[in-house]
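Structure data (mmCIF, C-alpha atoms) from upload11.cif:
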data_model
#
loop_
_atom_site.group_PDB
_atom_site.id
_atom_site.type_symbol
_atom_site.label_atom_id
_atom_site.label_comp_id
_atom_site.auth_asym_id
_atom_site.auth_seq_id
_atom_site.Cartn_x
_atom_site.Cartn_y
_atom_site.Cartn_z
ATOM 1 C CA LEU A 1 5.925 -27.691 40.833
ATOM 2 C CA TRP A 2 2.239 -28.342 40.146
ATOM 3 C CA ILE A 3 1.968 -24.987 38.372
ATOM 4 C CA LEU A 4 4.618 -26.055 35.903
ATOM 5 C CA ILE A 5 2.793 -29.329 35.271
ATOM 6 C CA LEU A 6 -0.598 -27.728 34.677
ATOM 7 C CA PHE A 7 0.604 -24.617 32.949
ATOM 8 C CA PRO A 8 3.860 -25.268 31.081
ATOM 9 C CA LEU A 9 5.429 -22.009 30.012
ATOM 10 C CA ARG A 10 6.516 -21.480 26.437
ATOM 11 C CA PRO A 11 8.268 -18.492 24.911
ATOM 12 C CA THR A 12 5.171 -17.422 22.976
ATOM 13 C CA LEU A 13 3.208 -17.172 26.245
ATOM 14 C CA LEU A 14 5.438 -14.348 27.381
ATOM 15 C CA ILE A 15 4.193 -12.001 24.651
ATOM 16 C CA PRO A 16 1.930 -9.343 26.244
ATOM 17 C CA LEU A 17 -1.606 -9.209 24.896
ATOM 18 C CA ASN A 18 -2.464 -5.685 25.942
ATOM 19 C CA HIS A 19 -0.306 -3.952 23.341
ATOM 20 C CA VAL A 20 -0.532 -5.693 20.021
ATOM 21 C CA CYS A 21 -0.453 -3.273 17.113
ATOM 22 C CA GLY A 22 -1.626 -0.516 19.442
ATOM 23 C CA LYS A 23 -4.911 -2.274 20.359
ATOM 24 C CA SER A 24 -6.237 -3.254 23.763
ATOM 25 C CA PHE A 25 -7.728 -6.715 24.198
ATOM 26 C CA LYS A 26 -10.169 -7.881 26.866
ATOM 27 C CA HIS A 27 -10.727 -11.496 27.808
ATOM 28 C CA SER A 28 -14.188 -12.845 27.240
ATOM 29 C CA THR A 29 -16.326 -13.665 30.272
ATOM 30 C CA GLY A 30 -15.317 -16.927 31.877
ATOM 31 C CA ALA A 31 -12.074 -17.303 29.928
ATOM 32 C CA SER A 32 -8.866 -17.521 31.895
ATOM 33 C CA GLU A 33 -5.702 -15.667 30.991
ATOM 34 C CA PHE A 34 -4.155 -19.018 30.129
ATOM 35 C CA ASP A 35 -6.976 -19.766 27.661
ATOM 36 C CA SER A 36 -6.398 -16.434 25.945
ATOM 37 C CA LEU A 37 -2.687 -17.064 25.761
ATOM 38 C CA LYS A 38 -3.239 -20.495 24.255
ATOM 39 C CA LEU A 39 -5.469 -18.909 21.611
ATOM 40 C CA PHE A 40 -2.813 -16.314 20.833
ATOM 41 C CA GLU A 41 -0.137 -19.008 20.623
ATOM 42 C CA LYS A 42 -2.260 -21.023 18.193
ATOM 43 C CA THR A 43 -2.871 -17.947 16.051
ATOM 44 C CA THR A 44 0.804 -17.070 15.792
ATOM 45 C CA ASN A 45 1.753 -20.648 15.008
ATOM 46 C CA THR A 46 -0.784 -20.966 12.183
ATOM 47 C CA ASN A 47 -0.272 -17.437 10.835
ATOM 48 C CA THR A 48 3.470 -17.017 11.059
ATOM 49 C CA HIS A 49 3.528 -13.951 8.829
ATOM 50 C CA LYS A 50 1.392 -12.088 11.402
ATOM 51 C CA GLU A 51 3.707 -12.888 14.294
ATOM 52 C CA ASN A 52 6.319 -10.550 12.859
ATOM 53 C CA HIS A 53 3.737 -7.804 12.420
ATOM 54 C CA TYR A 54 2.883 -7.828 16.122
ATOM 55 C CA LYS A 55 6.546 -7.314 16.924
ATOM 56 C CA MET A 56 6.779 -4.509 14.385
ATOM 57 C CA ILE A 57 4.931 -1.756 16.239
ATOM 58 C CA SER A 58 7.958 0.501 15.826
ATOM 59 C CA GLY A 59 8.279 -0.259 12.099
ATOM 60 C CA PRO A 60 9.940 -2.926 9.949
ATOM 61 C CA LYS A 61 13.633 -3.566 10.391
ATOM 62 C CA SER A 62 14.322 -5.129 6.997
ATOM 63 C CA MET A 63 12.903 -5.456 3.515
ATOM 64 C CA THR A 64 11.940 -9.053 4.311
ATOM 65 C CA GLU A 65 9.284 -7.702 6.664
ATOM 66 C CA ILE A 66 7.958 -5.403 3.936
ATOM 67 C CA ASN A 67 8.006 -7.744 0.929
ATOM 68 C CA LEU A 68 5.173 -9.974 2.086
ATOM 69 C CA GLY A 69 3.813 -10.779 -1.347
ATOM 70 C CA THR A 70 0.226 -10.359 -2.478
ATOM 71 C CA ASP A 71 -1.794 -11.501 0.545
ATOM 72 C CA PRO A 72 -4.144 -8.561 1.285
ATOM 73 C CA SER A 73 -4.578 -9.528 4.938
ATOM 74 C CA ALA A 74 -0.831 -9.682 5.575
ATOM 75 C CA ASN A 75 -0.225 -6.355 3.866
ATOM 76 C CA LYS A 76 -3.076 -4.693 5.737
ATOM 77 C CA ASP A 77 -1.554 -5.845 9.035
ATOM 78 C CA LEU A 78 1.858 -4.621 7.939
ATOM 79 C CA TYR A 79 0.762 -1.100 7.134
ATOM 80 C CA ASN A 80 -1.601 -0.792 10.099
ATOM 81 C CA CYS A 81 1.330 -1.545 12.381
ATOM 82 C CA TRP A 82 3.762 0.642 10.469
ATOM 83 C CA ALA A 83 1.509 3.686 9.994
ATOM 84 C CA LYS A 84 2.904 5.899 12.752
ATOM 85 C CA LYS A 85 6.508 5.518 11.594
ATOM 86 C CA TYR A 86 5.973 5.042 7.879
ATOM 87 C CA THR A 87 6.503 8.636 6.747
ATOM 88 C CA ALA A 88 9.680 9.089 8.778
ATOM 89 C CA ASP A 89 11.086 5.741 7.637
ATOM 90 C CA VAL A 90 10.554 6.249 3.910
ATOM 91 C CA ASN A 91 11.853 9.815 4.123
ATOM 92 C CA ASN A 92 15.024 8.479 5.717
ATOM 93 C CA TRP A 93 15.318 5.945 2.887
ATOM 94 C CA GLY A 94 15.148 8.709 0.261
ATOM 95 C CA TYR A 95 11.725 7.740 -1.115
ATOM 96 C CA ASP A 96 10.472 10.449 -3.483
ATOM 97 C CA ALA A 97 8.162 8.477 -5.791
ATOM 98 C CA PRO A 98 5.035 10.504 -4.846
ATOM 99 C CA MET A 99 6.737 13.739 -5.906
ATOM 100 C CA ARG A 100 8.045 12.232 -9.165
ATOM 101 C CA VAL A 101 4.609 10.934 -10.140
ATOM 102 C CA VAL A 102 2.994 14.322 -9.539
ATOM 103 C CA ALA A 103 5.649 16.006 -11.684
ATOM 104 C CA LEU A 104 5.057 13.542 -14.545
ATOM 105 C CA ILE A 105 1.278 13.930 -14.378
ATOM 106 C CA LYS A 106 1.548 17.709 -14.388
ATOM 107 C CA GLU A 107 3.968 17.669 -17.324
ATOM 108 C CA ASN A 108 1.572 15.621 -19.464
ATOM 109 C CA LEU A 109 -1.778 17.170 -18.586
ATOM 110 C CA LEU A 110 -3.474 19.068 -21.394
ATOM 111 C CA LEU A 111 -5.365 21.790 -19.586
ATOM 112 C CA ASP A 112 -7.418 24.762 -20.593
ATOM 113 C CA ALA A 113 -8.861 27.471 -18.411
ATOM 114 C CA ALA A 114 -12.076 25.546 -17.854
ATOM 115 C CA THR A 115 -10.465 22.228 -16.962
ATOM 116 C CA CYS A 116 -10.878 21.064 -13.391
ATOM 117 C CA LEU A 117 -9.693 17.668 -12.308
ATOM 118 C CA ASN A 118 -11.068 14.891 -10.169
ATOM 119 C CA VAL A 119 -8.192 12.706 -9.061
ATOM 120 C CA LEU A 120 -8.077 9.272 -7.431
ATOM 121 C CA ASP A 121 -5.043 8.465 -5.306
ATOM 122 C CA ALA A 122 -5.210 4.660 -5.277
ATOM 123 C CA ALA A 123 -3.261 3.078 -2.411
ATOM 124 C CA CYS A 124 -2.900 6.569 -0.965
ATOM 125 C CA GLY A 125 -1.034 5.351 2.112
ATOM 126 C CA ASP A 126 0.059 8.198 4.360
ATOM 127 C CA GLY A 127 -1.294 10.825 1.950
ATOM 128 C CA LEU A 128 2.048 12.211 0.842
ATOM 129 C CA HIS A 129 1.144 11.811 -2.828
ATOM 130 C CA GLY A 130 -2.175 13.580 -2.241
ATOM 131 C CA LYS A 131 -0.352 16.417 -0.528
ATOM 132 C CA TYR A 132 1.932 16.940 -3.539
ATOM 133 C CA LEU A 133 -1.065 16.749 -5.898
ATOM 134 C CA ALA A 134 -2.901 19.401 -3.921
ATOM 135 C CA GLU A 135 0.167 21.647 -3.973
ATOM 136 C CA ALA A 136 0.908 21.237 -7.709
ATOM 137 C CA ALA A 137 1.119 24.774 -9.088
ATOM 138 C CA GLY A 138 -0.915 25.506 -12.208
ATOM 139 C CA VAL A 139 -3.169 22.450 -11.879
ATOM 140 C CA SER A 140 -6.838 23.072 -11.123
ATOM 141 C CA ILE A 141 -8.040 20.182 -8.987
ATOM 142 C CA VAL A 142 -11.652 19.962 -7.898
ATOM 143 C CA ALA A 143 -11.083 17.070 -5.535
ATOM 144 C CA ILE A 144 -8.691 14.305 -4.577
ATOM 145 C CA ASP A 145 -10.123 11.047 -3.273
ATOM 146 C CA GLY A 146 -7.992 8.383 -1.656
ATOM 147 C CA ILE A 147 -8.394 4.661 -1.143
ATOM 148 C CA ASP A 148 -6.153 2.270 0.780
ATOM 149 C CA ILE A 149 -6.315 -1.140 2.424
ATOM 150 C CA SER A 150 -4.924 0.149 5.747
ATOM 151 C CA THR A 151 -7.258 1.956 8.120
ATOM 152 C CA LYS A 152 -4.317 3.311 10.133
ATOM 153 C CA MET A 153 -2.624 4.729 7.049
ATOM 154 C CA LEU A 154 -5.922 6.352 6.071
ATOM 155 C CA GLU A 155 -5.946 8.112 9.441
ATOM 156 C CA VAL A 156 -2.536 9.588 8.649
ATOM 157 C CA ALA A 157 -3.721 10.621 5.188
ATOM 158 C CA ARG A 158 -6.827 12.261 6.657
ATOM 159 C CA SER A 159 -4.696 14.385 8.951
ATOM 160 C CA ARG A 160 -3.131 16.091 5.901
ATOM 161 C CA GLY A 161 -6.439 17.731 5.034
ATOM 162 C CA CYS A 162 -6.052 17.415 1.255
ATOM 163 C CA TYR A 163 -8.639 14.721 0.464
ATOM 164 C CA ARG A 164 -12.352 15.052 -0.251
ATOM 165 C CA ASP A 165 -13.091 11.426 0.565
ATOM 166 C CA LEU A 166 -11.030 8.562 1.956
ATOM 167 C CA ALA A 167 -12.149 4.946 1.997
ATOM 168 C CA GLU A 168 -10.783 1.540 2.880
ATOM 169 C CA CYS A 169 -10.386 -0.543 -0.262
ATOM 170 C CA ASP A 170 -8.701 -3.757 -1.397
ATOM 171 C CA LEU A 171 -7.242 -3.135 -4.859
ATOM 172 C CA SER A 172 -7.058 -6.867 -5.553
ATOM 173 C CA LYS A 173 -10.845 -6.776 -5.988
ATOM 174 C CA PRO A 174 -13.030 -4.859 -8.483
ATOM 175 C CA LEU A 175 -13.639 -1.206 -7.593
ATOM 176 C CA THR A 176 -17.399 -1.654 -7.648
ATOM 177 C CA THR A 177 -18.187 1.550 -5.724
ATOM 178 C CA ILE A 178 -16.500 3.758 -8.357
ATOM 179 C CA LYS A 179 -18.346 4.701 -11.544
ATOM 180 C CA ASP A 180 -16.965 4.431 -15.072
ATOM 181 C CA GLY A 181 -15.008 7.531 -16.041
ATOM 182 C CA GLN A 182 -15.370 9.112 -12.612
ATOM 183 C CA TYR A 183 -11.826 10.524 -12.525
ATOM 184 C CA ASN A 184 -9.670 12.560 -14.877
ATOM 185 C CA VAL A 185 -6.507 11.172 -13.313
ATOM 186 C CA THR A 186 -5.925 7.897 -11.476
ATOM 187 C CA SER A 187 -2.555 7.403 -9.837
ATOM 188 C CA CYS A 188 -1.073 4.537 -7.874
ATOM 189 C CA VAL A 189 2.309 4.918 -6.211
ATOM 190 C CA GLY A 190 4.199 1.979 -4.745
ATOM 191 C CA ALA A 191 1.354 -0.541 -4.506
ATOM 192 C CA LEU A 192 1.640 -2.820 -7.547
ATOM 193 C CA PRO A 193 4.305 -5.107 -5.965
ATOM 194 C CA TYR A 194 1.563 -6.124 -3.512
ATOM 195 C CA LEU A 195 -0.879 -7.043 -6.290
ATOM 196 C CA LYS A 196 -1.099 -9.623 -9.059
ATOM 197 C CA PRO A 197 -1.520 -8.626 -12.718
ATOM 198 C CA GLU A 198 -4.414 -11.079 -13.030
ATOM 199 C CA SER A 199 -6.294 -9.153 -10.323
ATOM 200 C CA GLY A 200 -7.480 -6.833 -13.092
ATOM 201 C CA VAL A 201 -6.440 -3.713 -11.181
ATOM 202 C CA LEU A 202 -4.999 -1.963 -14.255
ATOM 203 C CA ALA A 203 -8.193 -2.549 -16.228
ATOM 204 C CA GLU A 204 -10.127 -1.146 -13.281
ATOM 205 C CA PHE A 205 -7.923 1.950 -13.220
ATOM 206 C CA ALA A 206 -8.668 2.411 -16.921
ATOM 207 C CA ARG A 207 -12.414 1.872 -16.435
ATOM 208 C CA ILE A 208 -12.783 4.522 -13.733
ATOM 209 C CA THR A 209 -10.730 7.080 -15.691
ATOM 210 C CA ALA A 210 -12.483 9.304 -18.222
ATOM 211 C CA PRO A 211 -11.585 9.254 -21.945
ATOM 212 C CA ALA A 212 -8.402 11.292 -22.540
ATOM 213 C CA GLY A 213 -7.677 10.992 -18.825
ATOM 214 C CA LEU A 214 -4.392 9.747 -17.399
ATOM 215 C CA VAL A 215 -3.466 6.637 -15.439
ATOM 216 C CA CYS A 216 -0.066 6.794 -13.761
ATOM 217 C CA PHE A 217 1.618 4.133 -11.632
ATOM 218 C CA THR A 218 5.024 3.034 -10.425
ATOM 219 C CA HIS A 219 6.805 -0.284 -10.812
ATOM 220 C CA ARG A 220 9.834 -1.674 -9.053
ATOM 221 C CA THR A 221 12.415 -2.742 -11.628
ATOM 222 C CA ASP A 222 12.464 -6.274 -10.204
ATOM 223 C CA LYS A 223 8.680 -6.604 -10.673
ATOM 224 C CA ILE A 224 7.833 -4.701 -13.854
ATOM 225 C CA GLY A 225 8.295 -7.741 -16.100
ATOM 226 C CA ASP A 226 5.352 -9.446 -14.419
ATOM 227 C CA TRP A 227 3.050 -6.669 -15.639
ATOM 228 C CA ARG A 228 4.161 -6.254 -19.263
ATOM 229 C CA GLU A 229 1.589 -8.618 -20.732
ATOM 230 C CA GLU A 230 -1.340 -6.921 -19.013
ATOM 231 C CA GLN A 231 -0.157 -3.405 -19.870
ATOM 232 C CA ASN A 232 0.328 -4.385 -23.514
ATOM 233 C CA ARG A 233 -3.043 -6.139 -23.632
ATOM 234 C CA LEU A 234 -4.756 -2.873 -22.698
ATOM 235 C CA VAL A 235 -2.855 -1.105 -25.467
ATOM 236 C CA GLU A 236 -3.745 -3.755 -28.032
ATOM 237 C CA ASN A 237 -7.464 -3.734 -27.200
ATOM 238 C CA GLY A 238 -7.601 0.061 -27.500
ATOM 239 C CA THR A 239 -8.186 0.837 -23.830
ATOM 240 C CA TRP A 240 -5.173 3.116 -23.446
ATOM 241 C CA GLU A 241 -1.988 4.267 -25.119
ATOM 242 C CA LEU A 242 1.439 4.684 -23.586
ATOM 243 C CA VAL A 243 2.453 8.299 -23.024
ATOM 244 C CA VAL A 244 5.750 7.737 -21.260
ATOM 245 C CA GLU A 245 7.704 5.121 -19.350
ATOM 246 C CA THR A 246 10.615 6.589 -17.470
ATOM 247 C CA PRO A 247 14.088 5.090 -17.333
ATOM 248 C CA PRO A 248 15.027 3.455 -14.010
ATOM 249 C CA LEU A 249 14.878 5.965 -11.156
ATOM 250 C CA PRO A 250 16.001 5.801 -7.509
ATOM 251 C CA TYR A 251 13.484 3.951 -5.342
ATOM 252 C CA LEU A 252 14.893 3.643 -1.811
ATOM 253 C CA PRO A 253 18.445 4.885 -2.442
ATOM 254 C CA ASN A 254 19.336 5.297 1.233
ATOM 255 C CA HIS A 255 18.216 1.806 2.248
ATOM 256 C CA PRO A 256 21.195 -0.589 2.301
ATOM 257 C CA GLU A 257 19.137 -3.487 0.919
ATOM 258 C CA TYR A 258 17.994 -1.440 -2.102
ATOM 259 C CA THR A 259 20.478 1.375 -3.007
ATOM 260 C CA ASP A 260 20.754 1.079 -6.803
ATOM 261 C CA LYS A 261 20.039 -2.673 -6.866
ATOM 262 C CA VAL A 262 16.256 -2.189 -7.017
ATOM 263 C CA GLN A 263 14.968 0.943 -8.707
ATOM 264 C CA MET A 264 11.600 2.054 -10.054
ATOM 265 C CA LYS A 265 9.955 3.135 -13.275
ATOM 266 C CA VAL A 266 6.925 5.385 -13.686
ATOM 267 C CA CYS A 267 4.397 4.501 -16.378
ATOM 268 C CA LEU A 268 1.844 6.993 -17.705
ATOM 269 C CA TYR A 269 -1.035 5.984 -19.985
ATOM 270 C CA LYS A 270 -3.783 7.987 -21.712
ATOM 271 C CA ILE A 271 -7.269 6.501 -21.866
ATOM 272 C CA THR A 272 -8.471 6.107 -25.448
ATOM 273 C CA ALA A 273 -11.587 3.942 -25.083
#
Now that the file is in, can you turn its structure into C-alpha cells?
Amino acid sequence: LWILILFPLRPTLLIPLNHVCGKSFKHSTGASEFDSLKLFEKTTNTNTHKENHYKMISGPKSMTEINLGTDPSANKDLYNCWAKKYTADVNNWGYDAPMRVVALIKENLLLDAATCLNVLDAACGDGLHGKYLAEAAGVSIVAIDGIDISTKMLEVARSRGCYRDLAECDLSKPLTTIKDGQYNVTSCVGALPYLKPESGVLAEFARITAPAGLVCFTHRTDKIGDWREEQNRLVENGTWELVVETPPLPYLPNHPEYTDKVQMKVCLYKITA
C-alpha cells in the first residue's frame, strides 16, 4: 500500500524508455527510475505532438500524424521515426512524385554536349528523387547534393550511393552555406506543405540556382493557393519565369484519406536574374 502512496502509477509511466524512436536512454547518476519517468511524463504532457511520434516507430497510421504543420522540430521527429518504413509506405500509397519531377526537369533542360549539371535535391528524404535523377538517361550530371531536416532519412538517402554530399538542413531558414548560383537545377519534392511562404525558401532556391537554371517543386492542391503570392512576386521582380505548371496529378492515390481528394501540381521555373 505504501508503494502506491509514494509512487502513484499513471498510464504514461508504463511507456518504456529504452526504445523511443530507436534510441537507448541511460539515467543520469543519482537519478531514480521514477525521476526519469516523471521527466518523460512532463515532456509528453507539454509536447503532445511528440507523444504520437514516440508511438510511431513502425510508421504513421493516418494522415493526421503526417500533417503536423510547419513546426521544424515536430517534422524532424516525425521523419526520424518514420525513416525505416517511409519508402515502403509511400510506395504502397502510389507516390510517384519524385519520378514525375525528374521527367519534367529532363523534358525542359536545354543541354549541349558540354553541359554538365550540379543538382540540389532539397528535402531529399529517403533519396528516391536523387536515385531517379542519377538514372535519368541523356542527362549529364556532375553531382547531386541532398539536404534534409531528418538525420535518419539522410542515412537512408546515403545508402543509395547517388549523392556527392548530404547535409542536415532546415529549409525554413536561409541556406547560408550554399553560394549564389551554385546549382544548375534545384528541386524540392513534397516538402512545401511543411514550410511557410514567408520563410523565403523559394527566393533561396532561386538565389542558389544559376541564371538559366531550373527550380522545380511540388505542391499539394489543398496548399498551392498559399504560395501563389510569393511565386508571382518572384516573377514580377524578374527573378524567374514560369516554364510549366502541370494540371492536378495523383499524389497518394492508394491512400484512402487522399485518393483523388488531394492531388499535386508540379511547378517549374527558369531563373532569369
_Evaluated on this file, the PyMOL selection byres ((chain A and resi 180) around 6) picks out some residues - which ones are they, written as number ranges by chain?_
A: 179, 181-182, 207-208
*Excluding same-chain residues fewer than 6 positions from segment 98-100 of chain A, what lies within 7 Å of it counting all atoms listed in the file, as a count of residues only?*
4
*Give me the result of the PyMOL selection byres ((chain A and resi 156) around 10) on this file, residue by residue, as a PyMOL selection string.*
chain A and resi 83-84+86-87+125-128+151-155+157-161
Output file for the residues above (C-alpha atoms, as a CSV table (one decimal), keeping the file's coordinate frame):
chain,number,residue,atom,x,y,z
A,83,ALA,CA,1.5,3.7,10.0
A,84,LYS,CA,2.9,5.9,12.8
A,86,TYR,CA,6.0,5.0,7.9
A,87,THR,CA,6.5,8.6,6.7
A,125,GLY,CA,-1.0,5.4,2.1
A,126,ASP,CA,0.1,8.2,4.4
A,127,GLY,CA,-1.3,10.8,2.0
A,128,LEU,CA,2.0,12.2,0.8
A,151,THR,CA,-7.3,2.0,8.1
A,152,LYS,CA,-4.3,3.3,10.1
A,153,MET,CA,-2.6,4.7,7.0
A,154,LEU,CA,-5.9,6.4,6.1
A,155,GLU,CA,-5.9,8.1,9.4
A,157,ALA,CA,-3.7,10.6,5.2
A,158,ARG,CA,-6.8,12.3,6.7
A,159,SER,CA,-4.7,14.4,9.0
A,160,ARG,CA,-3.1,16.1,5.9
A,161,GLY,CA,-6.4,17.7,5.0
_Counting all atoms listed in the file, which residue out of A:Ala143, A:Cys81, A:Leu192, A:Ala273 sits closest to Thr221 of chain A?_
A:Leu192
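Atom to atom, atom CA of Cys188 of chain A and atom CA of Cys124 of chain A stand 7.4 Å apart.
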*If we count all atoms listed in the file, what is near Ala122 of chain A at a cut-off of 6 Å, once residues fewer than 4 positions away on the same chain are taken out, given as number ranges by chain?*
A: 146-147, 187-188
Selection export as a PDB file, in the frame of the given file, atoms kept: C-alpha atoms:
ATOM      1  CA  GLY A 146      -7.992   8.383  -1.656  1.00  0.00           C
ATOM      2  CA  ILE A 147      -8.394   4.661  -1.143  1.00  0.00           C
ATOM      3  CA  SER A 187      -2.555   7.403  -9.837  1.00  0.00           C
ATOM      4  CA  CYS A 188      -1.073   4.537  -7.874  1.00  0.00           C
TER       5      CYS A 188
END
*From A:Val201, A:Ala191, A:Ala97, A:Ile149, residue lying nearest Ser172 of chain A [only C-alpha atoms]*: A:Val201
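Taking atom CA of Glu168 of chain A as the reference point, atom CA of Val90 of chain A is found at 21.9 Å.
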*Choose the residue, out of A:Val101, A:Lys270, A:Lys131, A:Val244, that has the smallest atom-to-atom separation from Gly190 of chain A; count only C-alpha atoms.*
A:Val101
List the residues matched by the PyMOL selection byres ((chain A and resi 223-236) around 12) in the displayed structure as a JSON list (two decimals) with C-alpha atoms, keeping the file's coordinate frame, ordered by chain and then by residue number.
[["chain", "number", "residue", "atom", "x", "y", "z"],
["A", 67, "ASN", "CA", 8.01, -7.74, 0.93],
["A", 69, "GLY", "CA", 3.81, -10.78, -1.35],
["A", 190, "GLY", "CA", 4.20, 1.98, -4.74],
["A", 191, "ALA", "CA", 1.35, -0.54, -4.51],
["A", 192, "LEU", "CA", 1.64, -2.82, -7.55],
["A", 193, "PRO", "CA", 4.30, -5.11, -5.96],
["A", 194, "TYR", "CA", 1.56, -6.12, -3.51],
["A", 195, "LEU", "CA", -0.88, -7.04, -6.29],
["A", 196, "LYS", "CA", -1.10, -9.62, -9.06],
["A", 197, "PRO", "CA", -1.52, -8.63, -12.72],
["A", 198, "GLU", "CA", -4.41, -11.08, -13.03],
["A", 199, "SER", "CA", -6.29, -9.15, -10.32],
["A", 200, "GLY", "CA", -7.48, -6.83, -13.09],
["A", 201, "VAL", "CA", -6.44, -3.71, -11.18],
["A", 202, "LEU", "CA", -5.00, -1.96, -14.26],
["A", 203, "ALA", "CA", -8.19, -2.55, -16.23],
["A", 204, "GLU", "CA", -10.13, -1.15, -13.28],
["A", 205, "PHE", "CA", -7.92, 1.95, -13.22],
["A", 206, "ALA", "CA", -8.67, 2.41, -16.92],
["A", 207, "ARG", "CA", -12.41, 1.87, -16.43],
["A", 215, "VAL", "CA", -3.47, 6.64, -15.44],
["A", 216, "CYS", "CA", -0.07, 6.79, -13.76],
["A", 217, "PHE", "CA", 1.62, 4.13, -11.63],
["A", 218, "THR", "CA", 5.02, 3.03, -10.42],
["A", 219, "HIS", "CA", 6.80, -0.28, -10.81],
["A", 220, "ARG", "CA", 9.83, -1.67, -9.05],
["A", 221, "THR", "CA", 12.42, -2.74, -11.63],
["A", 222, "ASP", "CA", 12.46, -6.27, -10.20],
["A", 237, "ASN", "CA", -7.46, -3.73, -27.20],
["A", 238, "GLY", "CA", -7.60, 0.06, -27.50],
["A", 239, "THR", "CA", -8.19, 0.84, -23.83],
["A", 240, "TRP", "CA", -5.17, 3.12, -23.45],
["A", 241, "GLU", "CA", -1.99, 4.27, -25.12],
["A", 242, "LEU", "CA", 1.44, 4.68, -23.59],
["A", 243, "VAL", "CA", 2.45, 8.30, -23.02],
["A", 245, "GLU", "CA", 7.70, 5.12, -19.35],
["A", 248, "PRO", "CA", 15.03, 3.46, -14.01],
["A", 262, "VAL", "CA", 16.26, -2.19, -7.02],
["A", 263, "GLN", "CA", 14.97, 0.94, -8.71],
["A", 264, "MET", "CA", 11.60, 2.05, -10.05],
["A", 265, "LYS", "CA", 9.96, 3.14, -13.28],
["A", 266, "VAL", "CA", 6.92, 5.38, -13.69],
["A", 267, "CYS", "CA", 4.40, 4.50, -16.38],
["A", 268, "LEU", "CA", 1.84, 6.99, -17.70],
["A", 269, "TYR", "CA", -1.03, 5.98, -19.98],
["A", 270, "LYS", "CA", -3.78, 7.99, -21.71],
["A", 271, "ILE", "CA", -7.27, 6.50, -21.87],
["A", 272, "THR", "CA", -8.47, 6.11, -25.45],
["A", 273, "ALA", "CA", -11.59, 3.94, -25.08]]
*Write out as a VMD selection string the residues lying within 10 Å of Lys261 of chain A, counting only C-alpha atoms and excluding same-chain residues fewer than 2 positions away.*
chain A and resid 221 to 222 250 to 253 256 to 259 263
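Rounded to one decimal, atom CA of Asp89 of chain A and atom CA of Asp148 of chain A lie 18.9 Å from each other.
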